[in-house]
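A.B. asks: Contents are CSV, C-alpha atoms and all ligand atoms; file name coords.csv:
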```csv
chain,number,residue,atom,x,y,z
A,7,MET,CA,-2.0,1.4,-37.4
A,8,ASP,CA,-4.0,-0.7,-34.9
A,9,LEU,CA,-4.1,0.3,-31.2
A,10,TYR,CA,-5.3,-2.4,-28.9
A,11,PHE,CA,-6.8,-0.7,-25.8
A,12,SER,CA,-9.0,-1.0,-22.8
A,13,PRO,CA,-11.1,2.0,-21.8
A,14,LEU,CA,-9.6,4.5,-19.3
A,15,THR,CA,-6.4,2.4,-18.9
A,16,CYS,CA,-2.9,3.5,-19.7
A,17,SER,CA,-3.6,2.9,-23.4
A,18,MET,CA,-5.6,6.1,-23.4
A,19,ALA,CA,-2.3,8.0,-23.5
A,20,THR,CA,-1.7,6.8,-27.0
A,21,ARG,CA,-5.3,7.8,-28.1
A,22,ILE,CA,-4.6,11.3,-26.7
A,23,ALA,CA,-1.3,11.4,-28.6
A,24,VAL,CA,-3.0,10.4,-31.9
A,25,TYR,CA,-5.7,13.0,-31.3
A,26,GLU,CA,-3.0,15.6,-30.7
A,27,ALA,CA,-1.5,14.7,-34.0
A,28,GLY,CA,-4.9,15.2,-35.7
A,29,SER,CA,-4.7,11.7,-36.9
A,30,ASP,CA,-6.5,8.4,-36.4
A,31,VAL,CA,-5.8,4.8,-36.0
A,32,THR,CA,-7.9,1.7,-35.8
A,33,TYR,CA,-8.9,1.3,-32.1
A,34,ILE,CA,-9.4,-2.4,-31.1
A,35,GLU,CA,-11.0,-2.8,-27.7
A,36,VAL,CA,-9.9,-5.6,-25.4
A,37,ASP,CA,-11.9,-6.7,-22.4
A,38,PRO,CA,-9.4,-6.6,-19.6
A,39,LYS,CA,-11.2,-9.4,-17.7
A,40,THR,CA,-11.8,-11.9,-20.5
A,41,LYS,CA,-8.8,-10.8,-22.6
A,42,LYS,CA,-11.1,-11.1,-25.6
A,43,VAL,CA,-11.1,-8.7,-28.5
A,44,LEU,CA,-14.6,-7.1,-28.4
A,45,ARG,CA,-15.2,-6.8,-32.1
A,46,ASP,CA,-14.8,-10.5,-33.0
A,47,GLY,CA,-14.3,-12.4,-29.7
A,48,SER,CA,-10.8,-13.4,-30.6
A,49,ASP,CA,-8.1,-14.1,-28.0
A,50,PHE,CA,-6.0,-11.1,-27.2
A,51,LEU,CA,-3.4,-13.4,-25.6
A,52,ALA,CA,-2.6,-14.7,-29.0
A,53,VAL,CA,-1.5,-11.1,-29.9
A,54,ASN,CA,0.1,-10.3,-26.6
A,55,PRO,CA,0.7,-13.3,-24.3
A,56,LEU,CA,1.1,-10.8,-21.4
A,57,GLY,CA,-2.5,-9.7,-22.0
A,58,LEU,CA,-1.4,-6.0,-21.5
A,59,VAL,CA,-2.5,-3.0,-23.4
A,60,PRO,CA,-1.5,-0.8,-25.1
A,61,LEU,CA,-0.3,-2.8,-28.1
A,62,LEU,CA,0.3,-1.1,-31.4
A,63,ARG,CA,0.4,-2.9,-34.7
A,64,THR,CA,2.3,-0.6,-37.1
A,65,ASP,CA,1.4,-0.1,-40.7
A,66,ASP,CA,4.1,-2.5,-41.7
A,67,GLY,CA,2.8,-5.2,-39.3
A,68,GLN,CA,5.3,-4.8,-36.4
A,69,ILE,CA,4.0,-5.4,-32.9
A,70,LEU,CA,5.0,-2.8,-30.4
A,71,THR,CA,4.3,-2.9,-26.7
A,72,GLU,CA,5.1,-0.7,-23.6
A,73,ASN,CA,3.7,2.8,-23.2
A,74,ALA,CA,7.1,4.5,-23.4
A,75,ALA,CA,8.0,2.9,-26.7
A,76,ILE,CA,4.5,3.2,-28.3
A,77,LEU,CA,4.2,6.9,-27.3
A,78,GLN,CA,7.6,7.7,-28.8
A,79,TYR,CA,6.8,5.7,-31.9
A,80,VAL,CA,3.6,7.7,-32.4
A,81,ALA,CA,5.4,11.0,-31.7
A,82,ASP,CA,8.0,10.1,-34.3
A,83,ARG,CA,5.4,9.0,-36.8
A,84,PHE,CA,3.7,12.4,-36.7
A,85,PRO,CA,6.6,14.8,-36.4
A,86,ASP,CA,4.6,17.9,-37.3
A,87,ALA,CA,2.7,17.5,-34.0
A,88,GLN,CA,5.9,18.0,-32.1
A,89,LEU,CA,4.9,15.5,-29.4
A,90,ALA,CA,8.5,14.6,-28.6
A,91,PRO,CA,11.9,16.4,-28.9
A,92,ALA,CA,13.6,14.8,-31.9
A,93,SER,CA,17.0,13.9,-30.2
A,94,GLY,CA,19.7,14.9,-27.8
A,95,ASP,CA,19.3,16.0,-24.2
A,96,ALA,CA,15.7,17.0,-24.6
A,97,ARG,CA,14.8,13.5,-25.9
A,98,SER,CA,16.6,12.0,-22.9
A,99,ARG,CA,14.6,14.2,-20.6
A,100,LEU,CA,11.4,13.0,-22.2
A,101,GLN,CA,12.5,9.4,-21.7
A,102,GLN,CA,13.3,10.2,-18.1
A,103,TRP,CA,9.7,11.4,-17.5
A,104,LEU,CA,8.1,8.6,-19.4
A,105,CYS,CA,10.0,6.1,-17.3
A,106,PHE,CA,9.1,8.0,-14.1
A,107,ILE,CA,5.5,8.0,-15.0
A,108,GLY,CA,5.5,4.3,-16.0
A,109,THR,CA,7.5,2.9,-13.1
A,110,GLU,CA,7.1,5.2,-10.1
A,111,LEU,CA,3.5,6.4,-10.7
A,112,HIS,CA,1.7,3.9,-12.9
A,113,LYS,CA,3.1,0.7,-11.6
A,114,GLY,CA,4.5,1.8,-8.2
A,115,LEU,CA,1.8,4.0,-6.8
A,116,PHE,CA,-1.5,3.5,-8.7
A,117,VAL,CA,-1.6,-0.2,-9.7
A,118,PRO,CA,-1.5,-1.5,-6.1
A,119,LEU,CA,-4.0,1.2,-4.9
A,120,LEU,CA,-6.4,0.4,-7.7
A,121,ASP,CA,-6.2,-3.3,-7.0
A,122,ARG,CA,-9.4,-4.0,-5.0
A,123,LYS,CA,-8.2,-7.4,-4.0
A,124,ALA,CA,-4.9,-6.1,-2.5
A,125,PRO,CA,-4.7,-6.5,1.2
A,126,ALA,CA,-5.0,-3.3,3.3
A,127,ASP,CA,-1.3,-3.6,4.3
A,128,VAL,CA,-0.3,-3.5,0.6
A,129,HIS,CA,-2.1,-0.1,0.4
A,130,ALA,CA,-0.4,1.1,3.6
A,131,TYR,CA,3.0,0.0,2.3
A,132,THR,CA,2.4,1.6,-1.1
A,133,LEU,CA,1.4,4.9,0.4
A,134,LYS,CA,4.4,4.9,2.7
A,135,LYS,CA,6.8,4.2,0.0
A,136,TYR,CA,5.4,5.9,-3.1
A,137,LEU,CA,3.7,9.2,-1.9
A,138,SER,CA,7.1,10.7,-2.1
A,139,ARG,CA,6.8,10.4,-5.8
A,140,LEU,CA,3.8,12.7,-5.8
A,141,ASP,CA,5.7,15.2,-3.6
A,142,HIS,CA,8.4,15.1,-6.2
A,143,LEU,CA,6.0,15.6,-9.1
A,144,ASN,CA,4.1,18.4,-7.2
A,145,ARG,CA,7.3,20.3,-6.6
A,146,TYR,CA,8.3,19.8,-10.3
A,147,LEU,CA,5.0,21.0,-11.7
A,148,GLU,CA,4.9,24.2,-9.6
A,149,GLY,CA,5.0,27.0,-12.2
A,150,ARG,CA,5.0,24.6,-15.1
A,151,ASP,CA,2.3,24.1,-17.7
A,152,PHE,CA,3.7,20.8,-19.1
A,153,VAL,CA,6.1,18.1,-18.2
A,154,LEU,CA,8.6,19.5,-20.8
A,155,ASP,CA,8.5,23.0,-22.2
A,156,GLN,CA,5.5,22.2,-24.3
A,157,PHE,CA,2.9,19.5,-24.5
A,158,SER,CA,4.5,16.1,-25.3
A,159,VAL,CA,3.6,12.4,-25.1
A,160,ALA,CA,4.7,12.6,-21.4
A,161,ASP,CA,1.7,14.8,-20.7
A,162,ALA,CA,-0.6,12.3,-22.5
A,163,TYR,CA,0.7,9.6,-20.3
A,164,LEU,CA,0.8,11.7,-17.1
A,165,ALA,CA,-2.8,13.0,-17.6
A,166,THR,CA,-4.0,9.4,-18.2
A,167,VAL,CA,-2.3,8.1,-15.0
A,168,LEU,CA,-3.4,11.0,-12.8
A,169,ASN,CA,-6.9,10.6,-14.1
A,170,TRP,CA,-7.0,7.4,-12.0
A,171,SER,CA,-7.0,9.6,-8.9
A,172,MET,CA,-10.8,9.6,-9.2
A,173,ALA,CA,-10.7,5.9,-8.2
A,174,THR,CA,-8.0,6.3,-5.4
A,175,PRO,CA,-9.8,8.3,-2.7
A,176,ILE,CA,-7.2,6.9,-0.3
A,177,ILE,CA,-4.8,9.6,-1.6
A,178,ASP,CA,-5.6,13.1,-0.4
A,179,PHE,CA,-4.8,15.0,-3.6
A,180,LYS,CA,-5.5,18.4,-1.9
A,181,ALA,CA,-2.0,17.9,-0.5
A,182,TYR,CA,-0.7,18.1,-4.1
A,183,PRO,CA,-2.1,21.4,-5.5
A,184,ALA,CA,0.2,21.7,-8.5
A,185,VAL,CA,-0.6,18.1,-9.5
A,186,THR,CA,-4.4,18.8,-9.1
A,187,ALA,CA,-4.2,22.0,-11.1
A,188,TYR,CA,-2.2,20.2,-13.8
A,189,LEU,CA,-4.8,17.5,-14.1
A,190,GLU,CA,-7.6,20.0,-14.2
A,191,ARG,CA,-5.8,21.8,-17.1
A,192,MET,CA,-5.1,18.6,-18.9
A,193,ARG,CA,-8.7,17.4,-18.6
A,194,LYS,CA,-9.8,20.6,-20.4
A,195,ARG,CA,-7.3,20.1,-23.3
A,196,PRO,CA,-9.4,19.1,-26.4
A,197,SER,CA,-7.5,15.9,-27.1
A,198,VAL,CA,-7.7,14.7,-23.5
A,199,ALA,CA,-11.3,15.8,-23.0
A,200,ARG,CA,-12.3,13.9,-26.2
A,201,ALA,CA,-10.4,10.8,-25.2
A,202,LEU,CA,-11.8,10.9,-21.7
A,203,ALA,CA,-15.4,11.4,-22.9
A,204,GLU,CA,-15.2,8.6,-25.4
A,205,GLU,CA,-13.4,6.1,-23.2
A,206,LEU,CA,-15.7,6.8,-20.2
A,207,GLU,CA,-18.7,5.7,-22.3
A,208,LEU,CA,-16.8,2.5,-23.4
A,209,TYR,CA,-15.8,1.9,-19.7
A,210,LYS,CA,-19.5,2.2,-18.6
A,211,ALA,CA,-20.4,-0.4,-21.3
A,212,GLU,CA,-17.6,-2.7,-20.1
A,213,VAL,CA,-18.8,-2.5,-16.5
A,214,ALA,CA,-22.4,-3.2,-17.6
A,215,ARG,CA,-21.2,-6.1,-19.7
A,216,ASN,CA,-19.2,-7.7,-16.9
A,217,LYS,CA,-22.1,-7.3,-14.5
A,218,ALA,CA,-24.4,-9.1,-16.9
A,219,ALA,CA,-22.0,-11.9,-17.5
B,301,LIG,N1,4.7,-2.3,-18.8
B,301,LIG,C1,3.5,-2.0,-19.6
B,301,LIG,C2,2.3,-2.1,-18.6
B,301,LIG,C3,1.0,-1.9,-19.3
B,301,LIG,C4,-0.2,-2.1,-18.3
B,301,LIG,O1,0.0,-2.2,-17.1
B,301,LIG,N2,-1.4,-2.2,-18.9
B,301,LIG,C5,-2.6,-2.4,-18.1
B,301,LIG,C6,-3.6,-1.3,-18.3
B,301,LIG,S1,-3.1,0.2,-17.6
B,301,LIG,C7,-3.2,-3.7,-18.5
B,301,LIG,O2,-3.2,-4.1,-19.6
B,301,LIG,N3,-3.6,-4.5,-17.5
B,301,LIG,C8,-4.2,-5.8,-17.7
B,301,LIG,C9,-3.7,-6.9,-16.8
B,301,LIG,O3,-2.9,-6.6,-15.9
B,301,LIG,O4,-4.1,-8.0,-17.0
B,301,LIG,C10,3.5,-0.7,-20.3
B,301,LIG,O5,4.2,0.2,-19.7
B,301,LIG,O6,2.9,-0.5,-21.3
```
Rewrite the structure of this file - the entire thing - as structure tokens.

C.D. replies:
Amino acid sequence: MDLYFSPLTCSMATRIAVYEAGSDVTYIEVDPKTKKVLRDGSDFLAVNPLGLVPLLRTDDGQILTENAAILQYVADRFPDAQLAPASGDARSRLQQWLCFIGTELHKGLFVPLLDRKAPADVHAYTLKKYLSRLDHLNRYLEGRDFVLDQFSVADAYLATVLNWSMATPIIDFKAYPAVTAYLERMRKRPSVARALAEELELYKAEVARNKAA
């Protein structure tokens, strides 16, 4: 499998899931600014016209996009790792959380706050409307170790998204102690710690490259 990714973005969730499964894929880095594939300078837009990562090319050559779909594909591909309930109500609950993380947190809350070009009133509007999602998450995580009863791809995604809190000082995370404690625990988990350390180095290189350009 090939995973198209950009360092420290939402595609890191899939890397974490792969590490959890004790497996590996081919990681293909995409520069988010130029949309070029780093290893050969080819055009990522030719692979995904939306220019978004993650994108997974499966072993039989299918192209899969969208975090929720890719994460479940990886979980199903490596069933021994138990990264997703196989079916039934528990699977629906996983999908509920993947959608919540993807829409309410990733796109609703973090993307506007991380956008340095967004006008200040966009930030104000986002905080007013979307901080309730963090309240909800905080209440849910009180007394829980994981999103479901055990580590799942939802945790890979949630840890990835919450990790962006280091770039959103506008949110006072002290107000969300269960969320903060969850993130601290996740950052210590070997799969997450490894993915973070590796992608931080790649991110630094990306910043340096774009400065030099
Ligand atoms: N709906 C997509 C969104 C993916 C997405 O937003 N990816 C970001 C990185 S976190 C991206 O590639 N951004 C580049 C861009 O917006 O040009 C999903 O859930 O997978």

A.B. asks: Ligand LIG 301 (chain B): which residues are within 8 Å, counting all atoms listed in the file? Reply as a ChimeraX atom specification.

C.D. replies: /A:11-12,14-17,38-39,41,56-61,71-74,108-109,112-113,117

A.B. asks: Just want the 9 Å neighbourhood of Val198 in chain A, counted on all atoms listed in the file, with same-chain residues fewer than 2 positions away dropped. Output as a list of chain:residue names.

C.D. replies: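 Using all atoms listed in the file, the neighbours found are A:Met18, A:Ala19, A:Arg21, A:Ile22, A:Ala23, A:Tyr25, A:Glu26, A:Ala162, A:Ala165, A:Thr166, A:Met192, A:Arg193, A:Lys194, A:Arg195, A:Pro196, A:Arg200, A:Ala201, A:Leu202, A:Ala203.
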
A.B. asks: Report, in Å with one decimal, the straight-line distance from CA of Val153 in chain A to CA of Glu207 in chain A.

C.D. replies: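 These atoms are spaced 28.0 Å apart.
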
A.B. asks: Could you give me, as an NGL selection string, the residues within 12 Å of range 98-104 of chain A, counting all atoms listed in the file and dropping anything in the same chain fewer than 6 positions from it?

C.D. replies: :A and (19 or 72-78 or 81 or 89-92 or 110-112 or 142-143 or 146 or 152-165 or 167)

A.B. asks: Measuring atom to atom with only C-alpha atoms, identify which of A:Val31, A:Leu137, A:Ala87, A:Ile176 is nearest to Gly114 in chain A.

C.D. replies: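 Under the stated criterion, the closest residue is A:Leu137.
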
A.B. asks: Give me, as a ChimeraX atom specification, all polymer residues having an atom no more than 9 Å from range 184-186 of chain A, counting all atoms listed in the file and skipping those fewer than 2 positions away in the same chain.

C.D. replies: /A:140,143-150,168,179-182,188-191

A.B. asks: Just to confirm, what's the straight-line distance from CA of Lys134 in chain A to CA of Pro13 in chain A in Å (one decimal)?

C.D. replies: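 Interatomic distance here is 29.1 Å.
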
A.B. asks: Just how far from CA of Pro55 in chain A is CA of Leu206 in chain A, in Å to one decimal?

C.D. replies: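 Going from CA of Leu206 in chain A over to CA of Pro55 in chain A covers 26.3 Å.
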